[in-house]
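Text of the file upload26.txt, holding compact mmCIF, C-alpha atoms:
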# COMPACT_ATOMS: atom_id res chain seq x y z
CA MET A 1 85.81 84.20 -58.89
CA LYS A 2 85.11 87.66 -60.14
CA SER A 3 88.72 88.82 -59.89
CA ALA A 4 89.93 85.85 -61.91
CA ILE A 5 87.35 86.45 -64.61
CA LYS A 6 88.14 90.15 -64.89
CA SER A 7 91.86 89.45 -65.13
CA THR A 8 91.30 86.92 -67.92
CA LEU A 9 89.09 89.31 -69.83
CA ALA A 10 91.57 92.14 -69.47
CA VAL A 11 94.34 89.97 -70.89
CA ALA A 12 92.09 88.84 -73.74
CA ALA A 13 91.09 92.40 -74.58
CA THR A 14 94.72 93.57 -74.54
CA ALA A 15 95.83 90.69 -76.75
CA ALA A 16 93.02 91.38 -79.20
CA ALA A 17 93.93 95.05 -79.44
CA ILE A 18 97.58 94.22 -80.08
CA ALA A 19 96.59 91.70 -82.76
CA GLY A 20 94.62 94.39 -84.58
CA LEU A 21 91.18 92.82 -84.20
CA ALA A 22 89.75 96.29 -83.53
CA ALA A 23 90.86 97.69 -86.87
CA VAL A 24 87.41 98.11 -88.48
CA PRO A 25 85.56 99.51 -85.48
CA SER A 26 87.68 101.52 -83.09
CA MET A 27 87.36 99.56 -79.84
CA VAL A 28 87.59 96.06 -78.38
CA SER A 29 85.91 94.80 -75.20
CA ALA A 30 85.31 91.58 -73.31
CA TYR A 31 85.40 88.39 -75.38
CA SER A 32 87.22 90.30 -78.15
CA ARG A 33 84.05 91.61 -79.73
CA PRO A 34 84.33 94.74 -81.89
CA LEU A 35 82.47 97.85 -80.78
CA TYR A 36 80.60 100.34 -82.95
CA SER A 37 79.73 103.99 -82.61
CA TYR A 38 76.09 105.01 -82.68
CA GLN A 39 76.57 106.43 -86.18
CA GLN A 40 78.25 103.25 -87.44
CA ALA A 41 75.44 101.09 -86.06
CA ASN A 42 72.78 103.23 -87.80
CA GLU A 43 74.68 103.31 -91.08
CA GLY A 44 74.72 99.52 -91.36
CA ALA A 45 78.21 98.68 -90.11
CA ILE A 46 76.87 95.76 -88.11
CA ASP A 47 76.21 92.96 -90.61
CA HIS A 48 75.79 90.12 -88.10
CA ILE A 49 74.00 89.35 -84.84
CA THR A 50 75.92 90.68 -81.86
CA PHE A 51 74.88 91.99 -78.46
CA ASN A 52 75.73 95.06 -76.42
CA SER A 53 78.43 96.26 -78.82
CA ILE A 54 77.58 99.96 -79.24
CA LYS A 55 79.68 102.64 -77.53
CA VAL A 56 78.84 106.28 -78.18
CA VAL A 57 81.71 108.53 -79.31
CA ASP A 58 82.01 112.32 -79.21
CA THR A 59 80.69 112.88 -82.76
CA ASP A 60 77.54 110.79 -82.30
CA ALA A 61 75.43 113.51 -80.65
CA ALA A 62 75.82 115.96 -83.53
CA TRP A 63 75.19 113.23 -86.09
CA ALA A 64 72.02 112.09 -84.26
CA LYS A 65 70.69 115.65 -84.05
CA LYS A 66 71.34 116.21 -87.75
CA ASN A 67 69.42 113.07 -88.63
CA GLY A 68 66.56 113.64 -86.18
CA LEU A 69 67.47 110.72 -83.94
CA GLU A 70 67.52 110.45 -80.16
CA MET A 71 70.67 109.32 -78.44
CA PRO A 72 70.46 105.93 -76.68
CA LEU A 73 70.00 105.82 -72.92
CA LEU A 74 72.92 103.44 -72.44
CA THR A 75 75.85 105.10 -74.16
CA ASN A 76 78.33 102.31 -73.40
CA GLU A 77 76.77 98.89 -73.86
CA THR A 78 79.87 97.07 -72.63
CA ASN A 79 78.72 98.07 -69.13
CA PHE A 80 75.48 96.17 -69.55
CA VAL A 81 75.21 95.01 -65.92
CA GLY A 82 74.29 97.89 -63.61
CA ALA A 83 72.71 98.48 -60.22
CA ARG A 84 70.70 101.03 -58.27
CA GLU A 85 69.08 101.23 -54.85
CA ASP A 86 65.58 99.78 -54.68
CA THR A 87 63.66 102.86 -53.53
CA GLY A 88 60.26 101.37 -54.29
CA LYS A 89 59.86 103.82 -57.17
CA ASN A 90 60.42 103.18 -60.87
CA GLU A 91 61.43 106.43 -62.55
CA GLY A 92 61.67 104.81 -65.99
CA ALA A 93 64.23 106.60 -68.15
CA LYS A 94 65.17 108.77 -65.16
CA ASN A 95 66.47 105.79 -63.18
CA ILE A 96 70.19 106.18 -62.54
CA TRP A 97 72.10 102.92 -62.92
CA GLU A 98 75.67 102.55 -61.70
CA GLY A 99 77.52 100.50 -64.29
CA THR A 100 80.80 99.76 -62.52
CA SER A 101 80.63 100.39 -58.75
CA ILE A 102 77.96 101.24 -56.20
CA PRO A 103 78.22 101.78 -52.41
CA ALA A 104 76.35 99.13 -50.43
CA GLU A 105 74.61 100.32 -47.27
CA ASP A 106 73.78 97.86 -44.53
CA GLY A 107 70.25 96.45 -44.81
CA LYS A 108 69.38 98.16 -48.10
CA THR A 109 68.08 96.31 -51.17
CA TYR A 110 69.46 96.92 -54.65
CA ILE A 111 68.26 96.10 -58.15
CA VAL A 112 70.85 94.52 -60.46
CA ARG A 113 69.87 94.88 -64.13
CA LEU A 114 71.23 93.09 -67.18
CA TYR A 115 70.68 94.94 -70.48
CA VAL A 116 70.07 92.82 -73.61
CA HIS A 117 70.31 94.55 -77.03
CA ASN A 118 70.63 92.65 -80.29
CA ASN A 119 72.57 95.25 -82.29
CA ALA A 120 71.63 93.84 -85.69
CA SER A 121 69.13 95.85 -87.73
CA ASP A 122 65.97 94.73 -89.58
CA GLY A 123 64.13 93.41 -86.50
CA ASP A 124 62.70 89.93 -87.02
CA LYS A 125 64.95 89.32 -90.05
CA ASN A 126 67.95 89.20 -87.70
CA THR A 127 66.52 87.39 -84.68
CA ALA A 128 68.94 86.05 -82.10
CA LEU A 129 68.16 82.46 -81.11
CA ASP A 130 68.48 80.59 -77.81
CA THR A 131 69.08 83.87 -75.98
CA LYS A 132 69.74 83.17 -72.30
CA VAL A 133 71.01 85.00 -69.23
CA ARG A 134 72.21 84.15 -65.74
CA PHE A 135 73.64 85.86 -62.63
CA TYR A 136 76.22 84.91 -60.05
CA VAL A 137 75.87 86.44 -56.55
CA PRO A 138 78.84 85.52 -54.30
CA TYR A 139 78.13 83.79 -51.01
CA GLY A 140 81.24 85.06 -49.25
CA SER A 141 81.89 88.31 -47.42
CA ALA A 142 84.36 91.04 -48.35
CA THR A 143 84.65 94.81 -48.47
CA SER A 144 84.07 94.62 -52.24
CA VAL A 145 81.57 92.17 -53.75
CA ALA A 146 80.84 91.83 -57.47
CA VAL A 147 77.65 90.46 -59.05
CA ASN A 148 78.37 88.83 -62.41
CA GLY A 149 75.97 88.71 -65.35
CA TRP A 150 76.19 86.54 -68.48
CA LEU A 151 74.36 86.64 -71.82
CA THR A 152 74.49 84.06 -74.59
CA SER A 153 72.91 83.37 -78.00
CA SER A 154 73.57 80.42 -80.32
CA ASN A 155 73.75 82.49 -83.54
CA ALA A 156 75.47 85.62 -82.19
CA THR A 157 79.10 86.59 -82.61
CA PRO A 158 80.49 86.16 -80.03
CA GLN A 159 78.06 83.69 -78.51
CA GLU A 160 78.73 84.65 -74.88
CA TYR A 161 79.01 88.05 -73.12
CA PHE A 162 80.06 88.96 -69.58
CA ASP A 163 79.89 92.03 -67.35
CA ASP A 164 79.63 92.78 -63.63
CA VAL A 165 78.87 95.52 -61.12
CA THR A 166 80.81 95.88 -57.88
CA PHE A 167 79.30 96.69 -54.48
CA THR A 168 81.65 98.41 -52.04
CA SER A 169 81.62 98.77 -48.25
CA THR A 170 80.67 102.20 -46.94
CA ASN A 171 82.67 101.91 -43.70
CA GLY A 172 85.41 99.37 -44.36
CA SER A 173 83.53 96.48 -42.76
CA PRO A 174 82.99 93.24 -44.71
CA PHE A 175 79.50 92.40 -45.96
CA HIS A 176 77.73 89.87 -48.15
CA LEU A 177 74.85 90.02 -50.62
CA GLU A 178 71.67 87.97 -50.29
CA TYR A 179 69.48 87.29 -53.33
CA VAL A 180 65.85 88.29 -52.74
CA SER A 181 63.75 85.24 -53.56
CA GLY A 182 61.16 85.76 -56.29
CA SER A 183 62.73 88.97 -57.59
CA ALA A 184 64.02 87.80 -61.00
CA LEU A 185 62.14 89.79 -63.65
CA LEU A 186 62.07 90.22 -67.45
CA GLU A 187 60.84 93.52 -68.91
CA ASN A 188 60.46 94.56 -72.54
CA GLY A 189 58.04 96.27 -74.90
CA GLY A 190 56.57 92.96 -76.05
CA PHE A 191 54.89 90.25 -73.99
CA ALA A 192 56.70 91.44 -70.81
CA LYS A 193 55.42 95.01 -71.10
CA GLY A 194 54.07 96.74 -67.99
CA ASN A 195 54.83 94.84 -64.78
CA GLY A 196 57.14 92.39 -66.51
CA VAL A 197 57.32 88.61 -66.31
CA GLN A 198 58.77 86.78 -63.32
CA LEU A 199 61.64 84.40 -64.02
CA ALA A 200 62.77 81.37 -62.04
CA ASP A 201 65.00 81.93 -59.01
CA SER A 202 67.45 79.42 -60.48
CA ILE A 203 68.68 82.22 -62.77
CA THR A 204 71.04 82.94 -59.85
CA ASN A 205 73.27 80.57 -57.94
CA GLN A 206 71.74 81.70 -54.63
CA GLY A 207 68.25 80.94 -55.90
CA ASN A 208 69.41 77.67 -57.37
CA ASN A 209 66.98 74.74 -57.30
CA GLY A 210 69.34 72.01 -58.31
CA GLY A 211 70.92 73.70 -61.33
CA SER A 212 74.33 75.20 -62.03
CA ALA A 213 76.41 76.53 -59.15
CA ASP A 214 76.95 79.66 -61.27
CA GLY A 215 73.23 80.16 -61.89
CA GLU A 216 71.17 78.38 -64.56
CA TRP A 217 70.98 79.71 -68.09
CA THR A 218 67.44 81.04 -68.40
CA LYS A 219 65.70 81.75 -71.70
CA ILE A 220 64.27 85.17 -72.38
CA GLY A 221 62.59 86.64 -75.47
CA TYR A 222 60.58 89.54 -76.84
CA TYR A 223 57.43 87.59 -77.76
CA GLY A 224 57.76 84.85 -75.14
CA LEU A 225 60.32 82.87 -73.16
CA ASP A 226 61.50 81.21 -76.39
CA GLY A 227 65.01 82.63 -76.62
CA LYS A 228 64.16 84.82 -79.65
CA VAL A 229 65.30 88.46 -79.59
CA PRO A 230 64.88 90.50 -82.82
CA GLY A 231 67.49 93.10 -83.77
CA CYS A 232 67.18 96.88 -83.12
CA TYR A 233 66.57 99.17 -80.14
CA LYS A 234 62.84 98.48 -80.26
CA TYR A 235 63.42 94.93 -79.03
CA ILE A 236 65.68 95.60 -76.04
CA ASN A 237 65.13 93.33 -73.02
CA TYR A 238 65.94 94.07 -69.37
CA VAL A 239 66.52 91.27 -66.87
CA SER A 240 66.80 92.19 -63.19
CA ILE A 241 67.25 90.64 -59.76
CA ARG A 242 67.27 92.14 -56.27
CA VAL A 243 69.99 91.67 -53.66
CA LYS A 244 70.22 92.82 -50.04
CA ALA A 245 73.45 94.08 -48.47
CA VAL A 246 74.11 92.52 -45.05
CA TYR A 247 77.13 93.64 -43.05
CA ASP A 248 78.95 90.96 -41.10
CA TYR A 249 79.60 92.85 -37.91
CA ASP A 250 81.71 90.77 -35.55
CA PHE A 251 80.95 91.55 -31.91
CA THR A 252 79.86 89.86 -28.70
CA VAL A 253 77.36 90.58 -25.94
CA GLU A 254 77.46 89.11 -22.42
CA LYS A 255 74.82 89.42 -19.70
CA LYS A 256 75.55 89.00 -15.96
CA VAL A 257 73.67 89.61 -12.66
CA ARG A 258 74.33 90.01 -8.92
CA ILE A 259 72.31 90.79 -5.79
CA VAL A 260 72.48 94.43 -4.66
CA GLY A 261 74.05 94.66 -1.19
CA ASP A 262 75.39 91.10 -1.24
CA THR A 263 78.91 90.71 0.13
CA ASP A 264 79.68 88.56 -2.91
CA LYS A 265 80.27 91.10 -5.68
CA THR A 266 80.89 88.45 -8.34
CA TRP A 267 78.92 88.80 -11.56
CA LYS A 268 77.02 85.59 -12.25
CA GLU A 269 74.85 84.06 -14.95
CA SER A 270 72.17 83.21 -12.35
CA VAL A 271 71.27 84.28 -8.81
CA ASP A 272 68.66 83.25 -6.23
CA ALA A 273 66.44 86.09 -5.02
CA LYS A 274 63.15 86.75 -3.27
CA VAL A 275 60.36 89.26 -3.80
CA GLY A 276 61.56 92.70 -2.73
CA ASP A 277 65.24 92.05 -3.51
CA LYS A 278 67.09 94.35 -5.87
CA VAL A 279 69.37 92.85 -8.51
CA GLU A 280 72.00 94.58 -10.64
CA PHE A 281 72.48 93.59 -14.28
CA GLN A 282 75.51 94.13 -16.50
CA ILE A 283 75.59 94.00 -20.31
CA GLN A 284 79.02 93.91 -21.92
CA TYR A 285 79.44 94.72 -25.63
CA LYS A 286 82.79 94.08 -27.35
CA ASN A 287 83.95 94.82 -30.91
CA THR A 288 85.82 91.67 -31.98
CA SER A 289 86.37 92.77 -35.60
CA ASN A 290 89.24 94.69 -37.19
CA TYR A 291 86.98 97.62 -38.05
CA THR A 292 85.33 100.50 -36.24
CA GLN A 293 81.67 99.82 -35.50
CA GLU A 294 79.45 102.89 -35.53
CA GLY A 295 76.07 103.54 -33.93
CA VAL A 296 76.21 100.63 -31.48
CA ALA A 297 72.84 100.16 -29.76
CA ILE A 298 71.99 98.41 -26.49
CA LYS A 299 68.58 97.32 -25.23
CA ASP A 300 67.42 95.31 -22.22
CA VAL A 301 64.27 93.20 -22.32
CA LEU A 302 62.92 92.88 -18.79
CA PRO A 303 60.49 90.06 -18.05
CA ALA A 304 57.43 90.38 -15.87
CA ASN A 305 58.26 90.46 -12.13
CA LEU A 306 61.45 92.51 -12.69
CA ARG A 307 60.86 96.26 -12.44
CA TYR A 308 63.48 98.74 -13.69
CA VAL A 309 64.66 101.15 -10.98
CA ASP A 310 64.65 104.65 -12.45
CA GLY A 311 67.95 106.47 -12.75
CA THR A 312 70.20 103.43 -12.26
CA ALA A 313 71.30 102.77 -15.86
CA LYS A 314 74.89 103.84 -16.56
CA LEU A 315 77.39 103.43 -19.39
CA TYR A 316 81.04 102.61 -18.66
CA ASN A 317 83.71 102.83 -21.36
CA VAL A 318 87.07 104.48 -21.99
CA LEU A 319 85.41 107.91 -22.17
CA TYR A 320 83.23 107.34 -19.08
CA PRO A 321 85.27 105.24 -16.61
CA ASN A 322 83.04 106.43 -13.75
CA GLY A 323 79.82 105.91 -15.65
CA ALA A 324 77.45 108.15 -17.61
CA THR A 325 73.72 108.20 -16.87
CA PHE A 326 71.20 107.46 -19.62
CA THR A 327 67.90 109.18 -20.29
CA GLU A 328 65.34 107.67 -17.94
CA GLY A 329 63.82 104.39 -19.02
CA THR A 330 65.07 104.29 -22.60
CA LEU A 331 67.37 101.33 -22.02
CA VAL A 332 64.40 99.04 -21.30
CA THR A 333 61.99 100.57 -23.84
CA THR A 334 63.45 101.72 -27.16
CA GLY A 335 67.10 100.98 -26.41
CA VAL A 336 70.02 103.44 -26.37
CA LYS A 337 72.89 104.36 -28.70
CA ILE A 338 76.26 104.11 -26.97
CA GLY A 339 78.54 105.50 -29.71
CA SER A 340 81.23 104.11 -32.02
CA TYR A 341 83.88 101.57 -31.01
CA THR A 342 87.24 100.81 -32.56
CA ALA A 343 88.56 97.29 -33.06
CA GLY A 344 88.91 95.45 -29.75
CA SER A 345 87.17 98.09 -27.61
CA ASN A 346 84.22 97.43 -25.33
CA ALA A 347 81.58 98.98 -23.09
CA PHE A 348 79.57 98.02 -19.98
CA ILE A 349 75.98 99.00 -19.23
CA ARG A 350 74.70 98.49 -15.68
CA PHE A 351 71.30 99.02 -14.09
CA THR A 352 69.17 97.86 -11.17
CA ALA A 353 65.81 96.06 -11.13
CA GLU A 354 63.54 95.01 -8.28
CA VAL A 355 61.89 91.60 -7.93
CA VAL A 356 58.13 92.16 -7.65
CA ASP A 357 54.93 90.12 -7.55
CA ASP A 358 52.35 92.89 -7.83
CA ASP A 359 49.83 90.88 -9.81
CA ASP A 360 50.47 87.62 -7.95
CA SER A 361 51.80 86.12 -11.18
CA LEU A 362 54.66 84.19 -9.60
CA LYS A 363 53.75 80.55 -9.26
CA CYS A 364 54.28 78.49 -6.17
CA GLY A 365 57.76 77.01 -6.13
CA THR A 366 60.81 78.17 -8.13
CA ASN A 367 60.32 80.83 -10.84
CA THR A 368 63.14 81.47 -13.34
CA LEU A 369 63.09 85.02 -14.74
CA TYR A 370 65.13 85.45 -17.95
CA ASN A 371 66.49 88.95 -18.57
CA TRP A 372 67.80 89.46 -22.13
CA GLY A 373 70.48 91.97 -23.02
CA GLN A 374 70.68 92.89 -26.72
CA ALA A 375 73.43 94.59 -28.73
CA GLY A 376 72.97 95.81 -32.28
CA VAL A 377 75.33 97.12 -34.96
CA GLY A 378 73.67 98.10 -38.20
CA ASN A 379 71.03 95.48 -38.91
CA THR A 380 72.78 92.76 -36.87
CA VAL A 381 71.40 92.06 -33.38
CA ILE A 382 72.64 89.44 -30.92
CA GLN A 383 71.57 88.76 -27.32
CA ASP A 384 72.47 86.96 -24.13
CA ASP A 385 70.54 86.32 -20.91
CA ALA A 386 71.02 86.26 -17.15
CA GLN A 387 68.62 84.47 -14.80
CA VAL A 388 66.99 85.41 -11.51
CA LYS A 389 65.47 82.47 -9.67
CA VAL A 390 62.69 83.39 -7.27
CA ALA A 391 61.22 80.90 -4.80
CA LYS A 392 57.62 81.51 -3.79
CA VAL A 393 56.21 79.67 -0.79
CA CYS A 394 52.47 79.26 -0.82
CA GLU A 395 50.48 78.29 2.32
CA THR A 396 48.64 75.04 1.99
CA PRO A 397 44.98 75.48 3.15
CA ASP A 398 43.81 73.21 5.95
CA GLU A 399 41.74 70.30 4.77
CA PRO A 400 38.10 70.75 5.77
CA THR A 401 36.69 68.31 8.34
CA PRO A 402 34.35 65.92 6.63
CA PRO A 403 30.85 65.65 8.12
CA GLU A 404 30.22 62.88 10.57
CA ASP A 405 28.65 59.76 9.25
CA PRO A 406 24.94 59.68 10.09
CA GLU A 407 23.84 57.17 12.62
CA GLU A 408 22.70 53.96 11.16
CA PRO A 409 18.90 53.86 11.38
CA GLU A 410 17.34 51.11 13.34
CA THR A 411 16.25 48.17 11.34
CA PRO A 412 12.69 48.90 10.47
CA VAL A 413 10.03 46.43 11.18
CA VAL A 414 8.81 45.21 7.86
CA PRO A 415 5.14 44.54 8.08
CA GLU A 416 3.75 41.66 6.36
CA LEU A 417 2.82 42.66 2.88
CA PRO A 418 -0.75 42.34 2.08
CA THR A 419 -1.60 40.23 -0.81
CA THR A 420 -3.46 42.91 -2.70
CA GLY A 421 -1.83 42.49 -6.11
CA PRO A 422 1.25 43.70 -8.07
CA THR A 423 0.72 47.49 -7.65
CA ALA A 424 1.87 47.58 -3.99
CA ILE A 425 4.92 45.45 -4.72
CA ALA A 426 6.01 47.87 -7.45
CA GLY A 427 5.74 50.82 -5.05
CA GLY A 428 8.02 49.12 -2.55
CA ILE A 429 10.75 48.62 -5.18
CA ILE A 430 10.72 52.35 -6.17
CA ALA A 431 11.21 53.41 -2.55
CA THR A 432 14.23 51.14 -2.12
CA GLY A 433 15.80 52.56 -5.31
CA SER A 434 15.50 56.17 -4.02
CA ILE A 435 17.47 55.35 -0.89
CA ALA A 436 20.24 53.77 -2.93
CA THR A 437 20.46 56.87 -5.13
CA ALA A 438 20.79 59.21 -2.13
CA ALA A 439 23.60 57.12 -0.69
CA GLY A 440 25.42 57.34 -4.00
CA TYR A 441 25.40 61.19 -3.94
CA TYR A 442 26.74 61.26 -0.40
CA ILE A 443 29.72 59.10 -1.31
CA ALA A 444 30.52 61.35 -4.29
CA SER A 445 30.56 64.52 -2.16
CA ARG A 446 32.91 62.89 0.34
CA ARG A 447 35.35 62.12 -2.46
CA GLN A 448 35.32 65.70 -3.59
CA LEU A 449 36.24 66.89 -0.09
CA ARG A 450 39.21 64.60 -0.06
For this file, produce the structure as structure tokens.
Amino acid sequence: MKSAIKSTLAVAATAAAIAGLAAVPSMVSAYSRPLYSYQQANEGAIDHITFNSIKVVDTDAAWAKKNGLEMPLLTNETNFVGAREDTGKNEGAKNIWEGTSIPAEDGKTYIVRLYVHNNASDGDKNTALDTKVRFYVPYGSATSVAVNGWLTSSNATPQEYFDDVTFTSTNGSPFHLEYVSGSALLENGGFAKGNGVQLADSITNQGNNGGSADGEWTKIGYYGLDGKVPGCYKYINYVSIRVKAVYDYDFTVEKKVRIVGDTDKTWKESVDAKVGDKVEFQIQYKNTSNYTQEGVAIKDVLPANLRYVDGTAKLYNVLYPNGATFTEGTLVTTGVKIGSYTAGSNAFIRFTAEVVDDDDSLKCGTNTLYNWGQAGVGNTVIQDDAQVKVAKVCETPDEPTPPEDPEEPETPVVPELPTTGPTAIAGGIIATGSIATAAGYYIASRRQLR
């Protein structure tokens, strides 16, 4: 999209120059708008509302000094979309913005800023109306990715303005840009002074919430989000978003396992083992892209019940066909760097682990231990697993012998109850209830033993 737009604008600018549209000022830029020197702008050459149309020429510095004026920070307003790395610091006027191209490093975040300057003089008397901006951040991957910025105003000439900034790969590998949600910001010396005012994510296509696929036009303004921008440097607005560079490294990782000492030397995805066995793992990394991948890292994540055997980790590649030993333990702790790999090349990492049950954590029956092998290039990490299945046999305790049933007591001789009144009868009923309760407890304890 960006290439097509730039080509169209280049043709339009060339045609305008040939037609003589730049006769009064000295330059023509995108959308055929005339450009003005800093001196021309201050001497009243701009008699209408226009944006970002000042370009400093060689004589402007001497003229500004003679008249006690400071030169503008942005000397070429046609490059009004710029970018810089998000370092977490705001240096104000000392910030260095790249207006055409900036190298994109994997995993770093960048601020893309759109500069908005109504070049008309007289402030509120020449207020631009319905001033809006938007950004387009490509979804696709390439070695060169451009972020486009647009500006429009209903009473400006021209009404619409376009510029972009291009991010370039630092190592020839393709990458894409991801918009950082919640990062759209308006800053000015008016109501958005200080920390600025957050704008809707829909200002970009990637933060789109049902709006335009190119990003929604979003109103800005000096006194509020009303689209009104007075003329002059005092009323400049800055609109920014943040994007993250993510390299699309294309590689694979494969994890295999085999039993040490087994006559079957085949690498498998899963093996059956028992406590005390030693198993050998293999991690294979392969560069499947057309580019060299630098700083490849490998790490193994051992589960409980698999103990790394010191000194067994080795790297095999074209430089080390017989294997090179790693620093002790780093493979299964912090991970190890294994170098750079050209397109199509690969490497193998092998090491030994022992099946253990030191803390009696293996459960009775079959235990599946997942061992993950990870490969990382830049900020991209992928992983694969191999399985060790360990059967643990637990002895079943003998069932305790239940106590013998007590002998049935002889049937007691029930004496004839005296007829002495209700008190004695009540006592007899309580005694019978106690016997029934005791029998109930006995039955319950028998059930527990079963």
Separation of CA of Asp164 (chain A) from CA of Leu114 (chain A), in Å and rounded to one decimal: 9.1 Å
Need the shell around Asp86 (chain A): protein/DNA/RNA residues with any atom at most 9 Å away, counting all atoms listed in the file. Skip same-chain ones fewer than 2 positions apart. Format as an mmCIF file with C-alpha atoms, keeping the file's coordinate frame?
data_model
loop_
_atom_site.group_PDB
_atom_site.id
_atom_site.type_symbol
_atom_site.label_atom_id
_atom_site.label_comp_id
_atom_site.auth_asym_id
_atom_site.auth_seq_id
_atom_site.Cartn_x
_atom_site.Cartn_y
_atom_site.Cartn_z
ATOM 1 C CA ARG A 84 70.700 101.030 -58.270
ATOM 2 C CA GLY A 88 60.260 101.370 -54.290
ATOM 3 C CA LYS A 89 59.860 103.820 -57.170
ATOM 4 C CA ASN A 90 60.420 103.180 -60.870
ATOM 5 C CA LYS A 108 69.380 98.160 -48.100
ATOM 6 C CA THR A 109 68.080 96.310 -51.170
ATOM 7 C CA TYR A 110 69.460 96.920 -54.650
ATOM 8 C CA ILE A 111 68.260 96.100 -58.150
ATOM 9 C CA ARG A 242 67.270 92.140 -56.270
#
Residues within 7 Å of Gly107 (chain A), all atoms listed in the file, excluding chain neighbours under 4 positions, as a VMD selection string: chain A and resid 244 to 246 379
Polymer residues at most 6 Å from Thr288 (chain A), only C-alpha atoms, same-chain spacing of 3 or more positions, as a PDB file with C-alpha atoms, in the frame of the given file:
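Everything below was put into selection22.pdb:
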ATOM      1  CA  ASP A 250      81.710  90.770 -35.550  1.00  0.00           C
ATOM      2  CA  PHE A 251      80.950  91.550 -31.910  1.00  0.00           C
ATOM      3  CA  GLY A 344      88.910  95.450 -29.750  1.00  0.00           C
TER       4      GLY A 344
END
Neighbour list for Thr152 (chain A) as a ChimeraX atom specification, cut-off 7 Å, all atoms listed in the file, skip fewer than 5 positions in-chain: /A:131-133,159-161
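The residue that comes closest to Ala386 (chain A), out of A:Asn346, A:Asn67, A:Ser32, A:Gln374 and on the basis of only C-alpha atoms, is A:Gln374.
Across the model, the gap from CA of Asp106 (chain A) to CA of Ala343 (chain A) is 18.7 Å.
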Near-Val243 (chain A) list (12 Å; only C-alpha atoms; drop same-chain fewer than 6 positions) as a ChimeraX atom specification: /A:83-86,104-113,135-139,145-147,167,176-184,204,206-207
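Minimum atom-to-atom distance to Ile49 (chain A), evaluated using all atoms listed in the file, belongs to A:Gly231 out of A:Gly149, A:Gly231, A:Gly140, A:Gly311.
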CA of Asn290 (chain A) to CA of Ala142 (chain A), straight-line distance in Å: 12.7 Å
Could you give me, as CSV, a per-residue list for region 119-201 of chain A showing, wherever an atom lies at most 7 Å from an atom of region 94-102 of chain A, the closest pair of atoms and their distance in Å to one decimal, using only C-alpha atoms and sorting by chain then residue number from low to high?
residue,atom,partner,partner_atom,distance
A:Val165,CA,A:Thr100,CA,4.9
A:Thr166,CA,A:Ser101,CA,4.6
A:Phe167,CA,A:Ile102,CA,5.0
A:Thr168,CA,A:Ile102,CA,6.2
Taking (58.9, 90.2, -16.9) in the coordinates of the supplied file, I want to know which residues reach to within 12 Å of it, counting all atoms listed in the file; could you give the answer as a CSV table (one decimal) with C-alpha atoms, in the frame of the given file?
chain,number,residue,atom,x,y,z
A,300,ASP,CA,67.4,95.3,-22.2
A,301,VAL,CA,64.3,93.2,-22.3
A,302,LEU,CA,62.9,92.9,-18.8
A,303,PRO,CA,60.5,90.1,-18.0
A,304,ALA,CA,57.4,90.4,-15.9
A,305,ASN,CA,58.3,90.5,-12.1
A,306,LEU,CA,61.4,92.5,-12.7
A,307,ARG,CA,60.9,96.3,-12.4
A,308,TYR,CA,63.5,98.7,-13.7
A,332,VAL,CA,64.4,99.0,-21.3
A,353,ALA,CA,65.8,96.1,-11.1
A,354,GLU,CA,63.5,95.0,-8.3
A,355,VAL,CA,61.9,91.6,-7.9
A,356,VAL,CA,58.1,92.2,-7.6
A,357,ASP,CA,54.9,90.1,-7.6
A,358,ASP,CA,52.4,92.9,-7.8
A,359,ASP,CA,49.8,90.9,-9.8
A,361,SER,CA,51.8,86.1,-11.2
A,362,LEU,CA,54.7,84.2,-9.6
A,367,ASN,CA,60.3,80.8,-10.8
A,368,THR,CA,63.1,81.5,-13.3
A,369,LEU,CA,63.1,85.0,-14.7
A,370,TYR,CA,65.1,85.4,-18.0
A,371,ASN,CA,66.5,89.0,-18.6
A,372,TRP,CA,67.8,89.5,-22.1
A,387,GLN,CA,68.6,84.5,-14.8
A,388,VAL,CA,67.0,85.4,-11.5
Residue nearest Asn126 (chain A) - candidates A:Gln40, A:Thr50, A:Thr87, A:Thr75, atoms counted: all atoms listed in the file: A:Thr50
Just add N, CA and C atoms to region 310-315 of chain A and send it as a compact mmCIF listing (two decimals), keeping the file's coordinate frame.
# COMPACT_ATOMS: atom_id res chain seq x y z
N ASP A 310 64.33 103.42 -11.72
CA ASP A 310 64.65 104.65 -12.45
C ASP A 310 65.98 105.26 -12.01
N GLY A 311 66.71 105.75 -13.02
CA GLY A 311 67.95 106.47 -12.75
C GLY A 311 69.16 105.62 -12.47
N THR A 312 69.06 104.30 -12.61
CA THR A 312 70.20 103.43 -12.26
C THR A 312 71.05 103.01 -13.45
N ALA A 313 70.56 103.22 -14.68
CA ALA A 313 71.30 102.77 -15.86
C ALA A 313 72.49 103.67 -16.13
N LYS A 314 73.68 103.08 -16.28
CA LYS A 314 74.89 103.84 -16.56
C LYS A 314 75.76 103.12 -17.60
N LEU A 315 76.48 103.93 -18.37
CA LEU A 315 77.39 103.43 -19.39
C LEU A 315 78.82 103.62 -18.91
